[in-house]
Amino acid sequence: MIVLGYSFTPKIWSIIVTAAFVFMFIELGNWQLSRADEKNARQAQLDMLSQQPITSLPNMRVKLEDFQYREVEISGEYLPSHTIYLDNKTYKGVAGYHVLTPIKLANSSLHVLINRGWVAGGFDRSVLPDVPLVQGEVMVTGIVVSPEQRMLQLTDQVITGTVWNNLDVQRYQETTGLELQPILVLQQDQLEDGLVRQWDRPDSGSAKNMGYAIQWFSLAATAIIIFLVLNVKRKRSESK
């Protein structure tokens with residue numbers, strides 16, 4: 001095909017290859033868009049759950065998906081001897097720990113891990129910061145999240161007996177002998193105990209999928225442009 005002095009005569013194989021790549025890139029982009037829609041729908045549902053009235057956590061085993069991001073009320077007794085410190089947690093640029101202590105639910109053999117908040121670490125990492133002990137029956141309110149929030153971990157060993165890089169629920173249960181509910185509660189009670197409880201609400205993550213979708217669609221457009229550049233040629237003038 002010749003138009004205004006330019007010829008367009010692509011090879012059959014180049015048409016097939018380009019069409020295959022463009023189709024693949026567009027399908028991958030559409031898949032990322034569908035993932036973004038799913039995450040947005042899930043986030044909308046979680047937002048709705050977070051607005052529901054506070055509920056009491058039952059003393060029987062629960063499912064994470066039934067309580068995630070809901071505000072719950074827990075009655076029981078802290079077990080300070082099983083407190084652990086999650087390392088590498090920062091607040092306003094200061095390194096520190098999240099302090100996790102289990103509560104034994106009233107009238108139950110089950111326990112719930114409570115993230116009591118953030119505390120700054122000292123210059124001497126071998127000395128843990130002082131955290132007030134809580135004795136006796138307590139009533140705690142907080143937001144339910146997944147306990148499996150893993151950070152970079154270079155070893156399976158804990159730094160010390162009470163300092164952990166990540167919360168591994170299975171390992172924690174094996175270490176302490178406690179039976180845990182499959183949840184983690186971010187405490188919201190405003191107490192004068194030196195712990196900071198300013199929790200960031202998790203993002204749906206859909207923006208990342210949207211970014212990937214744009215990348216795939218851009219690759220599809222780039223493949224088409226490359227195909228045209230390689231196959232559209234200026235027709236040489238015939239010699240007189």
# chains A, B, ... in the order shown; residues from 1 in each chain; ligands from 1
>>> select_by_dssp(residues="segment 31-155 of chain A", states="strand (DSSP E)", output="VMD selection string")
chain A and resid 55 to 56 71 to 78 84 to 91 94 to 105 110 to 120 137 to 145
>>> write_last_selection(atoms="N, CA and C atoms", output="compact mmCIF listing (two decimals), in the first residue's frame")
# COMPACT_ATOMS: atom_id res chain seq x y z
N THR A 55 -18.72 -4.03 68.86
CA THR A 55 -19.29 -5.32 69.21
C THR A 55 -18.36 -6.05 70.17
N SER A 56 -18.92 -6.86 71.02
CA SER A 56 -18.12 -7.64 71.96
C SER A 56 -17.58 -8.87 71.27
N GLU A 71 -14.65 -2.56 65.05
CA GLU A 71 -14.25 -2.17 66.39
C GLU A 71 -14.87 -3.14 67.38
N VAL A 72 -14.03 -3.73 68.22
CA VAL A 72 -14.50 -4.75 69.15
C VAL A 72 -14.15 -4.35 70.58
N GLU A 73 -14.87 -4.98 71.48
CA GLU A 73 -14.65 -4.80 72.91
C GLU A 73 -14.26 -6.15 73.49
N ILE A 74 -13.17 -6.18 74.25
CA ILE A 74 -12.64 -7.44 74.76
C ILE A 74 -12.53 -7.37 76.28
N SER A 75 -13.05 -8.39 76.92
CA SER A 75 -12.97 -8.47 78.38
C SER A 75 -12.10 -9.67 78.75
N GLY A 76 -11.13 -9.43 79.61
CA GLY A 76 -10.26 -10.51 80.02
C GLY A 76 -9.11 -10.01 80.88
N GLU A 77 -8.05 -10.80 80.94
CA GLU A 77 -6.92 -10.47 81.80
C GLU A 77 -5.63 -10.55 80.99
N TYR A 78 -4.83 -9.47 81.07
CA TYR A 78 -3.54 -9.46 80.39
C TYR A 78 -2.59 -10.50 80.99
N ILE A 84 5.58 -9.44 73.76
CA ILE A 84 6.68 -9.39 72.79
C ILE A 84 6.75 -7.99 72.20
N TYR A 85 7.92 -7.67 71.66
CA TYR A 85 8.16 -6.38 71.04
C TYR A 85 8.45 -6.59 69.55
N LEU A 86 7.62 -6.02 68.69
CA LEU A 86 7.87 -6.09 67.26
C LEU A 86 8.84 -4.98 66.89
N ASP A 87 9.98 -5.36 66.32
CA ASP A 87 11.05 -4.42 66.03
C ASP A 87 10.81 -3.69 64.71
N ASN A 88 11.64 -2.65 64.49
CA ASN A 88 11.64 -1.88 63.24
C ASN A 88 10.33 -1.16 62.99
N LYS A 89 9.72 -0.65 64.03
CA LYS A 89 8.51 0.16 63.88
C LYS A 89 8.87 1.63 64.14
N THR A 90 8.44 2.51 63.24
CA THR A 90 8.80 3.92 63.37
C THR A 90 7.56 4.78 63.58
N TYR A 91 7.77 5.88 64.26
CA TYR A 91 6.72 6.88 64.48
C TYR A 91 7.37 8.25 64.39
N VAL A 94 11.12 8.17 64.24
CA VAL A 94 11.85 7.61 65.38
C VAL A 94 11.66 6.10 65.40
N ALA A 95 12.75 5.36 65.53
CA ALA A 95 12.67 3.90 65.57
C ALA A 95 12.20 3.42 66.93
N GLY A 96 11.42 2.36 66.91
CA GLY A 96 10.93 1.80 68.17
C GLY A 96 10.30 0.44 67.98
N TYR A 97 9.33 0.15 68.84
CA TYR A 97 8.69 -1.17 68.85
C TYR A 97 7.17 -1.02 68.94
N HIS A 98 6.48 -2.05 68.48
CA HIS A 98 5.08 -2.23 68.82
C HIS A 98 5.03 -3.26 69.94
N VAL A 99 4.27 -2.95 70.98
CA VAL A 99 4.20 -3.80 72.16
C VAL A 99 2.94 -4.66 72.07
N LEU A 100 3.13 -5.98 72.04
CA LEU A 100 2.01 -6.91 71.92
C LEU A 100 1.92 -7.76 73.19
N THR A 101 0.73 -7.74 73.79
CA THR A 101 0.48 -8.52 74.99
C THR A 101 -0.82 -9.29 74.81
N PRO A 102 -0.84 -10.59 75.16
CA PRO A 102 -2.09 -11.35 75.02
C PRO A 102 -3.04 -11.11 76.18
N ILE A 103 -4.32 -11.19 75.87
CA ILE A 103 -5.37 -11.17 76.89
C ILE A 103 -6.04 -12.53 76.90
N LYS A 104 -6.21 -13.10 78.09
CA LYS A 104 -6.99 -14.32 78.23
C LYS A 104 -8.46 -13.92 78.35
N LEU A 105 -9.24 -14.39 77.39
CA LEU A 105 -10.65 -14.01 77.38
C LEU A 105 -11.36 -14.54 78.62
N LEU A 110 -9.31 -19.32 75.28
CA LEU A 110 -8.72 -18.62 74.16
C LEU A 110 -8.08 -17.30 74.59
N HIS A 111 -7.13 -16.85 73.78
CA HIS A 111 -6.44 -15.60 74.04
C HIS A 111 -6.48 -14.73 72.79
N VAL A 112 -6.33 -13.43 72.99
CA VAL A 112 -6.29 -12.47 71.89
C VAL A 112 -5.04 -11.61 72.05
N LEU A 113 -4.26 -11.48 70.96
CA LEU A 113 -3.10 -10.61 71.00
C LEU A 113 -3.54 -9.17 70.81
N ILE A 114 -3.08 -8.30 71.70
CA ILE A 114 -3.41 -6.89 71.65
C ILE A 114 -2.14 -6.10 71.30
N ASN A 115 -2.20 -5.34 70.22
CA ASN A 115 -1.12 -4.39 69.93
C ASN A 115 -1.41 -3.15 70.74
N ARG A 116 -0.69 -2.99 71.81
CA ARG A 116 -0.97 -1.92 72.78
C ARG A 116 -0.46 -0.56 72.31
N GLY A 117 0.40 -0.54 71.28
CA GLY A 117 0.88 0.73 70.77
C GLY A 117 2.37 0.74 70.54
N TRP A 118 2.86 1.93 70.15
CA TRP A 118 4.28 2.12 69.81
C TRP A 118 5.02 2.77 70.96
N VAL A 119 6.29 2.31 71.13
CA VAL A 119 7.16 2.92 72.13
C VAL A 119 8.54 3.08 71.50
N ALA A 120 9.20 4.18 71.83
CA ALA A 120 10.51 4.46 71.25
C ALA A 120 11.56 3.53 71.82
N GLU A 137 -8.46 -7.84 85.78
CA GLU A 137 -9.46 -7.82 84.71
C GLU A 137 -9.46 -6.46 84.02
N VAL A 138 -9.51 -6.48 82.68
CA VAL A 138 -9.51 -5.24 81.91
C VAL A 138 -10.59 -5.31 80.84
N MET A 139 -10.95 -4.15 80.32
CA MET A 139 -11.85 -4.04 79.18
C MET A 139 -11.11 -3.22 78.13
N VAL A 140 -10.85 -3.83 76.97
CA VAL A 140 -10.06 -3.20 75.92
C VAL A 140 -10.92 -3.03 74.68
N THR A 141 -10.82 -1.87 74.04
CA THR A 141 -11.48 -1.66 72.75
C THR A 141 -10.40 -1.44 71.69
N GLY A 142 -10.69 -1.92 70.48
CA GLY A 142 -9.71 -1.78 69.41
C GLY A 142 -10.25 -2.24 68.07
N ILE A 143 -9.42 -2.11 67.04
CA ILE A 143 -9.77 -2.49 65.68
C ILE A 143 -9.12 -3.82 65.34
N VAL A 144 -9.91 -4.71 64.75
CA VAL A 144 -9.40 -6.04 64.38
C VAL A 144 -8.68 -5.95 63.03
N VAL A 145 -7.46 -6.50 62.98
CA VAL A 145 -6.71 -6.60 61.73
C VAL A 145 -6.13 -8.00 61.63
>>> select_by_dssp(residues="chain A", states="alpha helix (DSSP H)", output="PyMOL selection string")
chain A and resi 12-50+64-67+169-176+206-231
>>> residues_around(residues="Thr176 of chain A", least_positions_apart="6", cutoff="10 Å", atoms="only C-alpha atoms", output="PyMOL selection string")
chain A and resi 81-83
>>> residues_around(residues="Arg42 of chain A", least_positions_apart="2", cutoff="12 Å", atoms="only C-alpha atoms", output="list in words")
Arg35, Ala36, Asp37, Glu38, Lys39, Asn40, Ala44, Gln45, Leu46, Asp47, Met48, Leu49, Glu65, Gln68, Tyr69, Asp203, Ser204, Gly205 and Ser206 of chain A
>>> write_last_selection(atoms="C-alpha atoms", output="PDB file, in the first residue's frame")
ATOM      1  CA  ARG A  35      -8.108  -6.486  40.265  1.00  0.00           C
ATOM      2  CA  ALA A  36      -8.373  -2.780  41.089  1.00  0.00           C
ATOM      3  CA  ASP A  37     -12.182  -2.986  40.920  1.00  0.00           C
ATOM      4  CA  GLU A  38     -12.156  -6.007  43.252  1.00  0.00           C
ATOM      5  CA  LYS A  39      -9.966  -4.209  45.782  1.00  0.00           C
ATOM      6  CA  ASN A  40     -12.102  -1.079  45.648  1.00  0.00           C
ATOM      7  CA  ALA A  44     -15.934  -0.237  50.349  1.00  0.00           C
ATOM      8  CA  GLN A  45     -17.199  -3.247  52.276  1.00  0.00           C
ATOM      9  CA  LEU A  46     -14.490  -2.801  54.921  1.00  0.00           C
ATOM     10  CA  ASP A  47     -15.364   0.880  55.227  1.00  0.00           C
ATOM     11  CA  MET A  48     -18.941  -0.131  55.855  1.00  0.00           C
ATOM     12  CA  LEU A  49     -17.888  -2.662  58.499  1.00  0.00           C
ATOM     13  CA  GLU A  65     -13.080 -12.176  57.847  1.00  0.00           C
ATOM     14  CA  GLN A  68     -11.665  -7.569  60.205  1.00  0.00           C
ATOM     15  CA  TYR A  69     -11.614  -3.757  60.586  1.00  0.00           C
ATOM     16  CA  ASP A 203      -5.093   1.391  51.733  1.00  0.00           C
ATOM     17  CA  SER A 204      -7.006  -0.808  49.312  1.00  0.00           C
ATOM     18  CA  GLY A 205      -3.938  -1.131  47.077  1.00  0.00           C
ATOM     19  CA  SER A 206      -5.959  -0.463  43.920  1.00  0.00           C
TER      20      SER A 206
END
>>> residues_around(residues="Leu230 of chain A", least_positions_apart="6", cutoff="12 Å", atoms="only C-alpha atoms", output="PDB file with N, CA and C atoms, in the first residue's frame")
ATOM      1  N   SER A   7       5.238   3.873   1.662  1.00  0.00           N
ATOM      2  CA  SER A   7       4.751   2.510   1.441  1.00  0.00           C
ATOM      3  C   SER A   7       4.584   1.790   2.765  1.00  0.00           C
ATOM      4  N   PHE A   8       3.573   0.972   2.813  1.00  0.00           N
ATOM      5  CA  PHE A   8       3.300   0.177   4.024  1.00  0.00           C
ATOM      6  C   PHE A   8       3.097  -1.268   3.583  1.00  0.00           C
ATOM      7  N   THR A   9       4.172  -2.029   3.721  1.00  0.00           N
ATOM      8  CA  THR A   9       4.137  -3.425   3.252  1.00  0.00           C
ATOM      9  C   THR A   9       4.701  -4.349   4.329  1.00  0.00           C
ATOM     10  N   PRO A  10       3.984  -4.489   5.429  1.00  0.00           N
ATOM     11  CA  PRO A  10       4.494  -5.348   6.504  1.00  0.00           C
ATOM     12  C   PRO A  10       4.459  -6.821   6.113  1.00  0.00           C
ATOM     13  N   LYS A  11       5.382  -7.575   6.710  1.00  0.00           N
ATOM     14  CA  LYS A  11       5.403  -9.014   6.521  1.00  0.00           C
ATOM     15  C   LYS A  11       4.259  -9.643   7.332  1.00  0.00           C
ATOM     16  N   SER A  14       5.220 -10.349  10.904  1.00  0.00           N
ATOM     17  CA  SER A  14       5.299  -9.184  11.803  1.00  0.00           C
ATOM     18  C   SER A  14       3.914  -8.747  12.252  1.00  0.00           C
ATOM     19  N   ILE A  15       2.926  -8.896  11.382  1.00  0.00           N
ATOM     20  CA  ILE A  15       1.547  -8.574  11.754  1.00  0.00           C
ATOM     21  C   ILE A  15       1.063  -9.513  12.854  1.00  0.00           C
ATOM     22  N   THR A  18       3.017  -8.820  16.210  1.00  0.00           N
ATOM     23  CA  THR A  18       2.572  -7.570  16.823  1.00  0.00           C
ATOM     24  C   THR A  18       1.166  -7.701  17.400  1.00  0.00           C
ATOM     25  N   ALA A 223       4.102  -1.118  21.180  1.00  0.00           N
ATOM     26  CA  ALA A 223       4.250  -2.185  20.185  1.00  0.00           C
ATOM     27  C   ALA A 223       3.656  -1.765  18.842  1.00  0.00           C
ATOM     28  N   ILE A 224       2.514  -1.077  18.881  1.00  0.00           N
ATOM     29  CA  ILE A 224       1.883  -0.607  17.636  1.00  0.00           C
ATOM     30  C   ILE A 224       2.754   0.445  16.964  1.00  0.00           C
TER      31      ILE A 224
END
>>> residues_around(residues="Met60 of chain A", least_positions_apart="4", cutoff="9 Å", atoms="only C-alpha atoms", output="PyMOL selection string")
chain A and resi 108-110+181
>>> write_last_selection(atoms="N, CA and C atoms", output="compact mmCIF listing (two decimals), in the first residue's frame")
# COMPACT_ATOMS: atom_id res chain seq x y z
N SER A 108 -13.05 -18.37 79.06
CA SER A 108 -12.61 -19.06 77.85
C SER A 108 -11.15 -19.45 77.98
N SER A 109 -10.76 -20.45 77.21
CA SER A 109 -9.34 -20.86 77.18
C SER A 109 -8.60 -20.14 76.05
N LEU A 110 -9.31 -19.32 75.28
CA LEU A 110 -8.72 -18.62 74.16
C LEU A 110 -8.08 -17.30 74.59
N GLN A 181 -6.93 -16.51 69.23
CA GLN A 181 -7.88 -16.18 68.19
C GLN A 181 -7.08 -15.74 66.96
>>> atom_distance(atom1="atom CA of Glu148 of chain A", atom2="atom CA of Gln170 of chain A")
10.2 Å
>>> closest_residue(among="A:Leu180, A:Ser34, A:Leu186, A:Val229", to="Gln198 of chain A", atoms="only C-alpha atoms")
A:Leu186
